[in-house]
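A.B. asks: My structure file work-v2.cif, mmCIF, C-alpha atoms, is below:
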data_data
loop_
_atom_site.label_atom_id
_atom_site.label_comp_id
_atom_site.auth_asym_id
_atom_site.auth_seq_id
_atom_site.Cartn_x
_atom_site.Cartn_y
_atom_site.Cartn_z
CA GLY A 1 261.50 222.05 75.90
CA GLN A 2 264.27 219.49 75.90
CA GLN A 3 265.57 218.86 79.34
CA VAL A 4 267.28 216.42 81.62
CA MET A 5 265.56 215.63 84.87
CA GLN A 6 267.26 215.09 88.19
CA ILE A 7 265.06 214.17 91.11
CA PRO A 8 265.27 214.66 94.05
CA GLN A 9 267.13 217.95 94.42
CA TYR A 10 268.56 217.15 97.83
CA GLN A 11 269.82 214.04 99.53
CA HIS A 12 271.38 213.51 102.92
CA VAL A 13 273.44 210.43 103.72
CA GLN A 14 275.52 209.16 106.61
CA GLU A 15 279.23 209.02 105.93
CA GLY A 16 280.10 205.55 104.71
CA GLU A 17 276.74 204.92 103.07
CA ASP A 18 276.42 204.42 99.34
CA PHE A 19 274.62 207.00 97.22
CA THR A 20 273.01 206.75 93.80
CA THR A 21 271.37 209.43 91.72
CA TYR A 22 269.80 209.41 88.30
CA CYS A 23 269.43 211.66 85.32
CA ASN A 24 266.60 211.11 82.83
CA SER A 25 265.74 212.42 79.40
CA SER A 26 262.68 211.84 77.24
CA THR A 27 264.84 211.83 74.12
CA THR A 28 267.89 209.84 73.07
CA LEU A 29 271.12 211.59 73.94
CA SER A 30 274.35 211.72 71.96
CA ASN A 31 276.31 211.93 75.18
CA ILE A 32 275.87 212.83 78.80
CA GLN A 33 278.23 214.75 81.02
CA TRP A 34 278.45 214.99 84.80
CA TYR A 35 279.71 218.00 86.72
CA LYS A 36 280.30 218.63 90.40
CA GLN A 37 279.98 221.95 92.15
CA ARG A 38 281.41 222.20 95.65
CA PRO A 39 279.77 224.67 98.04
CA GLY A 40 280.96 228.15 97.08
CA GLY A 41 282.67 226.84 93.97
CA HIS A 42 282.03 226.50 90.29
CA PRO A 43 280.92 223.45 88.28
CA VAL A 44 283.79 221.14 87.43
CA PHE A 45 283.61 218.53 84.70
CA LEU A 46 283.75 214.96 86.00
CA ILE A 47 283.07 212.64 83.10
CA GLN A 48 281.47 212.19 79.70
CA LEU A 49 279.63 209.04 78.58
CA VAL A 50 279.03 208.41 74.91
CA LYS A 51 278.25 204.74 74.23
CA SER A 52 275.11 202.84 75.09
CA GLY A 53 275.58 200.97 78.38
CA GLU A 54 278.94 202.61 79.00
CA VAL A 55 280.32 202.40 82.54
CA LYS A 56 283.17 204.54 83.78
CA LYS A 57 284.76 204.66 87.21
CA GLN A 58 286.63 207.35 89.03
CA LYS A 59 287.81 205.97 92.36
CA ARG A 60 284.60 205.60 94.41
CA LEU A 61 282.39 207.14 91.70
CA THR A 62 280.74 204.95 89.06
CA PHE A 63 278.94 206.50 86.10
CA GLN A 64 276.66 204.58 83.76
CA PHE A 65 274.87 205.47 80.54
CA GLY A 66 271.63 203.62 79.94
CA GLU A 67 271.22 201.11 77.13
CA ALA A 68 268.69 203.36 75.39
CA LYS A 69 270.89 206.43 75.99
CA LYS A 70 268.03 208.20 77.74
CA ASN A 71 269.28 208.03 81.29
CA SER A 72 272.41 207.94 83.35
CA SER A 73 273.36 207.15 86.91
CA LEU A 74 276.04 208.23 89.33
CA HIS A 75 276.88 205.90 92.19
CA ILE A 76 279.20 206.83 95.04
CA THR A 77 280.51 204.00 97.18
CA ALA A 78 281.12 204.69 100.88
CA THR A 79 280.49 208.43 100.80
CA GLN A 80 282.94 210.77 102.45
CA THR A 81 282.55 214.36 103.56
CA THR A 82 284.61 215.38 100.54
CA ASP A 83 281.74 214.19 98.33
CA VAL A 84 279.45 217.03 99.44
CA GLY A 85 278.32 219.31 96.68
CA THR A 86 275.86 219.52 93.84
CA TYR A 87 276.08 217.01 91.03
CA PHE A 88 274.72 218.09 87.67
CA CYS A 89 274.13 216.01 84.61
CA ALA A 90 274.16 217.78 81.26
CA ALA A 91 273.32 216.74 77.75
CA PRO A 92 273.75 218.44 74.40
CA TYR A 93 270.58 218.97 72.43
CA THR A 94 271.36 219.52 68.79
CA GLY A 95 269.34 221.54 66.37
CA ALA A 96 269.01 225.16 65.42
CA ASN A 97 269.66 226.31 68.97
CA SER A 98 272.13 223.64 70.02
CA LYS A 99 273.23 223.91 73.61
CA LEU A 100 274.30 221.88 76.60
CA THR A 101 271.30 221.53 78.87
CA PHE A 102 271.94 221.08 82.58
CA GLY A 103 269.68 219.30 85.01
CA LYS A 104 268.76 221.13 88.21
CA GLY A 105 271.33 219.08 90.08
CA ILE A 106 271.23 217.06 93.24
CA THR A 107 272.81 218.53 96.35
CA LEU A 108 274.42 215.86 98.48
CA SER A 109 275.15 216.40 102.14
CA VAL A 110 277.11 213.86 104.16
CA ARG A 111 276.75 213.52 107.93
CA PRO A 112 280.09 212.67 109.54
CA ASP B 1 292.13 226.03 88.03
CA SER B 2 290.04 225.64 84.88
CA GLY B 3 291.93 228.24 82.87
CA VAL B 4 288.81 230.38 82.52
CA THR B 5 289.01 233.75 84.25
CA GLN B 6 286.17 236.03 85.25
CA THR B 7 286.20 239.54 86.63
CA PRO B 8 285.11 240.94 88.93
CA LYS B 9 284.60 238.27 91.61
CA HIS B 10 281.98 240.30 93.42
CA LEU B 11 279.83 243.19 92.34
CA ILE B 12 277.40 245.16 94.44
CA THR B 13 275.20 247.70 92.75
CA ALA B 14 271.82 249.37 92.93
CA THR B 15 268.59 248.77 91.06
CA GLY B 16 268.43 250.51 87.72
CA GLN B 17 272.18 250.40 87.20
CA ARG B 18 274.20 248.73 84.46
CA VAL B 19 277.17 246.41 84.92
CA THR B 20 279.59 244.54 82.71
CA LEU B 21 280.98 241.12 83.53
CA ARG B 22 284.12 239.94 81.81
CA CYS B 23 285.33 236.48 80.85
CA SER B 24 288.50 235.14 79.28
CA PRO B 25 288.21 231.59 77.94
CA ARG B 26 290.81 228.85 78.12
CA SER B 27 293.56 229.21 75.59
CA GLY B 28 292.40 227.66 72.33
CA ASP B 29 288.71 227.51 73.20
CA LEU B 30 286.46 229.17 70.64
CA SER B 31 283.13 228.96 72.44
CA VAL B 32 282.07 231.00 75.43
CA TYR B 33 278.88 230.39 77.39
CA TRP B 34 277.16 232.48 80.03
CA TYR B 35 275.03 231.01 82.81
CA GLN B 36 273.03 232.47 85.66
CA GLN B 37 272.76 230.55 88.91
CA SER B 38 270.26 231.69 91.51
CA LEU B 39 269.38 229.90 94.72
CA ASP B 40 267.50 226.70 93.88
CA GLN B 41 267.43 227.58 90.18
CA GLY B 42 270.27 225.47 88.94
CA LEU B 43 272.30 226.64 85.99
CA GLN B 44 270.28 228.72 83.60
CA PHE B 45 271.90 228.97 80.19
CA LEU B 46 271.90 232.54 78.88
CA ILE B 47 273.88 232.66 75.65
CA GLN B 48 276.73 231.12 73.68
CA TYR B 49 279.24 232.73 71.38
CA TYR B 50 281.47 230.88 68.98
CA ASN B 51 284.46 232.62 67.43
CA GLY B 52 282.86 236.01 67.79
CA GLU B 53 279.36 235.14 66.65
CA GLU B 54 276.23 234.35 68.62
CA ARG B 55 275.60 230.61 68.36
CA ALA B 56 272.76 229.79 70.77
CA LYS B 57 270.40 231.66 73.02
CA GLY B 58 268.75 230.55 76.20
CA ASN B 59 266.64 232.36 78.76
CA ILE B 60 268.36 235.68 78.36
CA LEU B 61 266.38 238.78 79.18
CA GLU B 62 266.22 241.67 76.74
CA ARG B 63 267.95 243.83 79.36
CA PHE B 64 270.97 241.55 79.06
CA SER B 65 273.36 241.41 76.14
CA ALA B 66 276.70 239.85 75.41
CA GLN B 67 279.46 239.90 72.89
CA GLN B 68 282.66 238.07 72.09
CA PHE B 69 285.63 240.05 70.89
CA PRO B 70 288.29 239.15 68.30
CA ASP B 71 290.65 238.01 71.07
CA LEU B 72 287.80 235.67 72.16
CA HIS B 73 287.17 237.24 75.52
CA SER B 74 283.52 237.94 76.23
CA GLU B 75 281.47 240.47 78.13
CA LEU B 76 277.99 240.15 79.56
CA ASN B 77 276.15 243.44 79.97
CA LEU B 78 273.28 243.64 82.42
CA SER B 79 271.21 246.81 82.41
CA SER B 80 268.24 248.28 84.30
CA LEU B 81 269.13 245.90 87.08
CA GLU B 82 266.43 244.52 89.33
CA LEU B 83 266.65 242.83 92.72
CA GLY B 84 265.90 239.51 91.06
CA ASP B 85 269.05 239.76 88.95
CA SER B 86 271.15 239.06 92.04
CA ALA B 87 272.85 235.76 91.28
CA LEU B 88 276.08 234.03 90.43
CA TYR B 89 277.04 234.48 86.82
CA PHE B 90 279.31 231.86 85.36
CA CYS B 91 281.22 231.90 82.15
CA ALA B 92 282.34 228.64 80.60
CA SER B 93 284.36 227.82 77.53
CA SER B 94 284.79 224.85 75.25
CA VAL B 95 286.87 223.98 72.27
CA GLN B 96 284.05 224.04 69.76
CA GLY B 97 280.37 223.72 70.58
CA ALA B 98 277.58 222.07 72.50
CA LEU B 99 278.92 218.52 72.31
CA ASP B 100 282.12 219.47 74.09
CA THR B 101 283.07 219.51 77.75
CA GLN B 102 282.66 222.95 79.27
CA TYR B 103 285.19 224.51 81.62
CA PHE B 104 283.75 226.97 84.07
CA GLY B 105 285.25 230.10 85.48
CA PRO B 106 285.03 230.99 89.18
CA GLY B 107 281.96 233.16 88.63
CA THR B 108 280.92 236.70 89.43
CA ARG B 109 278.57 237.19 92.35
CA LEU B 110 276.22 240.05 91.59
CA THR B 111 274.24 241.65 94.37
CA VAL B 112 271.61 244.21 93.44
CA LEU B 113 270.42 246.34 96.38
#
Please, can you express the file's structure as structure tokens?

C.D. replies:
Amino acid sequence: GQQVMQIPQYQHVQEGEDFTTYCNSSTTLSNIQWYKQRPGGHPVFLIQLVKSGEVKKQKRLTFQFGEAKKNSSLHITATQTTDVGTYFCAAPYTGANSKLTFGKGITLSVRP
Amino acid sequence: DSGVTQTPKHLITATGQRVTLRCSPRSGDLSVYWYQQSLDQGLQFLIQYYNGEERAKGNILERFSAQQFPDLHSELNLSSLELGDSALYFCASSVQGALDTQYFGPGTRLTVL
């Protein structure tokens, strides 16, 4: 079925290092959303990208939507321990059974 | 605080039992979604209701059912519980439908013994 792929599922970085993760779809997306789930918490909406090539920044986080609107990236500059958690991308797939489809997420751990 | 409330926070029950999870969406949101999150399974979409009617279905077992009431709160009923049903169950709400941002509640942790 329609899905967004996030690989790998886990990544470990040293505090201060940069981190980049990707989200890929085989079909063109109308928009892509990113969510963050802290350990023991619930998913929290971070950002939505709509336009081809769109780039949005939130402090040390940079989100980009691919030119073909089939992939997206999340880049964290100089990771901090507060960045730990699972980052999910999600995309709406329209049609008879329209729903927001979440990737499996990438769990980031940061070594202090 | 997302504005979405879920009760109870924790639920411990035995195999074969039936439980009901409750969700109140953000004020003004018409859509409610239910998700199951097991270890290493990510967020599995179960079902969506929009303004009282079922809108979309995901990987929801026949033993599970849901409804959305006129005041827009929703309940997820899980019956004939099995050990494998132990998971976090999240409710989310959005203004309209699948293109919108979803706001998640704190979840209900279900443990089936």

A.B. asks: Using only C-alpha atoms, I'd like a table of the residues in stretch 7-95 of chain A that come within 12 Å of stretch 15-39 of chain B; for each, show the closest atom pair and its distance in Å rounded to one decimal, ordered by chain and ascending number, as a Markdown table.

C.D. replies:
| residue | atom | partner | partner_atom | distance |
| --- | --- | --- | --- | --- |
| A:Gln37 | CA | B:Gln37 | CA | 11.7 |
| A:Gly40 | CA | B:Gln37 | CA | 11.8 |
| A:Gly41 | CA | B:Gln37 | CA | 11.7 |
| A:His42 | CA | B:Gln37 | CA | 10.2 |
| A:Pro43 | CA | B:Gln37 | CA | 10.8 |

A.B. asks: Near chain A, meaning an atom within 7 Å, which residues of chain B appear when counting only C-alpha atoms? Write them as a PyMOL selection string.

C.D. replies: chain B and resi 41-43+56-57+98-99+103-107

A.B. asks: Output C-alpha atoms for every residue in that selection, as a tab-separated table (two decimals), keeping the file's coordinate frame.

C.D. replies:
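Generated file (out.tsv):
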chain	number	residue	atom	x	y	z
B	41	GLN	CA	267.43	227.58	90.18
B	42	GLY	CA	270.27	225.47	88.94
B	43	LEU	CA	272.30	226.64	85.99
B	56	ALA	CA	272.76	229.79	70.77
B	57	LYS	CA	270.40	231.66	73.02
B	98	ALA	CA	277.58	222.07	72.50
B	99	LEU	CA	278.92	218.52	72.31
B	103	TYR	CA	285.19	224.51	81.62
B	104	PHE	CA	283.75	226.97	84.07
B	105	GLY	CA	285.25	230.10	85.48
B	106	PRO	CA	285.03	230.99	89.18
B	107	GLY	CA	281.96	233.16	88.63

A.B. asks: Could you tell me which residues the PyMOL selection byres ((chain B and resi 9) around 10) grabs in this file, written as a list in words?

C.D. replies: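 The output of the PyMOL selection byres ((chain B and resi 9) around 10) on this file is Thr5, Gln6, Thr7, Pro8, His10, Leu11, Leu21, Arg22, Leu88, Tyr89, Pro106, Gly107, Thr108, Arg109 and Leu110 of chain B.
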
A.B. asks: So which residues are close to (282.8, 205.8, 87.7), meaning at most 10 Å away in the file's coordinates with only C-alpha atoms counted, and can you show them as a list in words?

C.D. replies: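 Checked against the point, the hits come out as Leu46, Ile47, Val55, Lys56, Lys57, Gln58, Lys59, Arg60, Leu61, Thr62, Phe63, Gln64, Ser73, Leu74, His75, Ile76 and Thr77 of chain A.
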
A.B. asks: Write out as a PyMOL selection string the residues lying within 10 Å of A:Thr82, counting only C-alpha atoms and excluding same-chain residues fewer than 2 positions away.

C.D. replies: chain A and resi 15+38+79-80+84-85+109-110

A.B. asks: Enter the distance from atom CA of A:Val4 to atom CA of A:Leu108, in Å, rounded to one decimal.

C.D. replies: 18.3 Å

A.B. asks: Since I can't run it myself right now, could you work out what the PyMOL selection byres ((chain B and resi 61) around 12) selects here and report it as a ChimeraX atom specification?

C.D. replies: /B:36,44-47,57-60,62-66,76-82,84-85

A.B. asks: What lies within 8 Å of A:Thr28 using only C-alpha atoms, ignoring chain neighbours under 2 positions off, as a VMD selection string?

C.D. replies: chain A and resid 25 to 26 30 68 to 70

A.B. asks: Using the file's own x, y and z axes, what box holds all listed atoms of stretch 48-66 of chain B with 4 Å on each side, keeping edges along x, y and z, and what are its centre and edge lengths in Å to one decimal, as lines of an AutoDock Vina configuration file?

C.D. replies:
center_x = 275.3
center_y = 236.8
center_z = 73.0
size_x = 26.2
size_y = 22.0
size_z = 20.7

A.B. asks: Between atom CA of A:Asp83 and atom CA of A:Gly53, what is the distance in Å, rounded to a tenth?

C.D. replies: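 The value is 24.7 Å.
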
A.B. asks: Atom CA of A:Phe65 to atom CA of A:Val50: how many Å, to one decimal?

C.D. replies: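 Going from atom CA of A:Phe65 over to atom CA of A:Val50, I get 7.6 Å.
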
A.B. asks: Taking only C-alpha atoms into account, which of B:Gln102, B:Val112, B:Tyr50, B:Gly97 comes nearest B:Ser74?

C.D. replies: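 Among the listed residues, B:Tyr50 lies closest to B:Ser74.
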
A.B. asks: Given the PyMOL selection byres ((chain A and resi 14) around 7) and the file above, list the residues it selects as a VMD selection string.

C.D. replies: chain A and resid 13 15 to 17 110 to 112

A.B. asks: Just C-alpha atoms for this one: save the residues we selected as a CSV table (one decimal), in the coordinates of the input.

C.D. replies:
chain,number,residue,atom,x,y,z
A,13,VAL,CA,273.4,210.4,103.7
A,15,GLU,CA,279.2,209.0,105.9
A,16,GLY,CA,280.1,205.6,104.7
A,17,GLU,CA,276.7,204.9,103.1
A,110,VAL,CA,277.1,213.9,104.2
A,111,ARG,CA,276.8,213.5,107.9
A,112,PRO,CA,280.1,212.7,109.5

A.B. asks: Give the answer as one residue: which of A:Ser72, A:Cys89, A:Thr81, A:Thr107 has the shortest atom-to-atom distance to A:Gln11, using all atoms listed in the file?

C.D. replies: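 Among the listed residues, the smallest separation from A:Gln11 belongs to A:Thr107.
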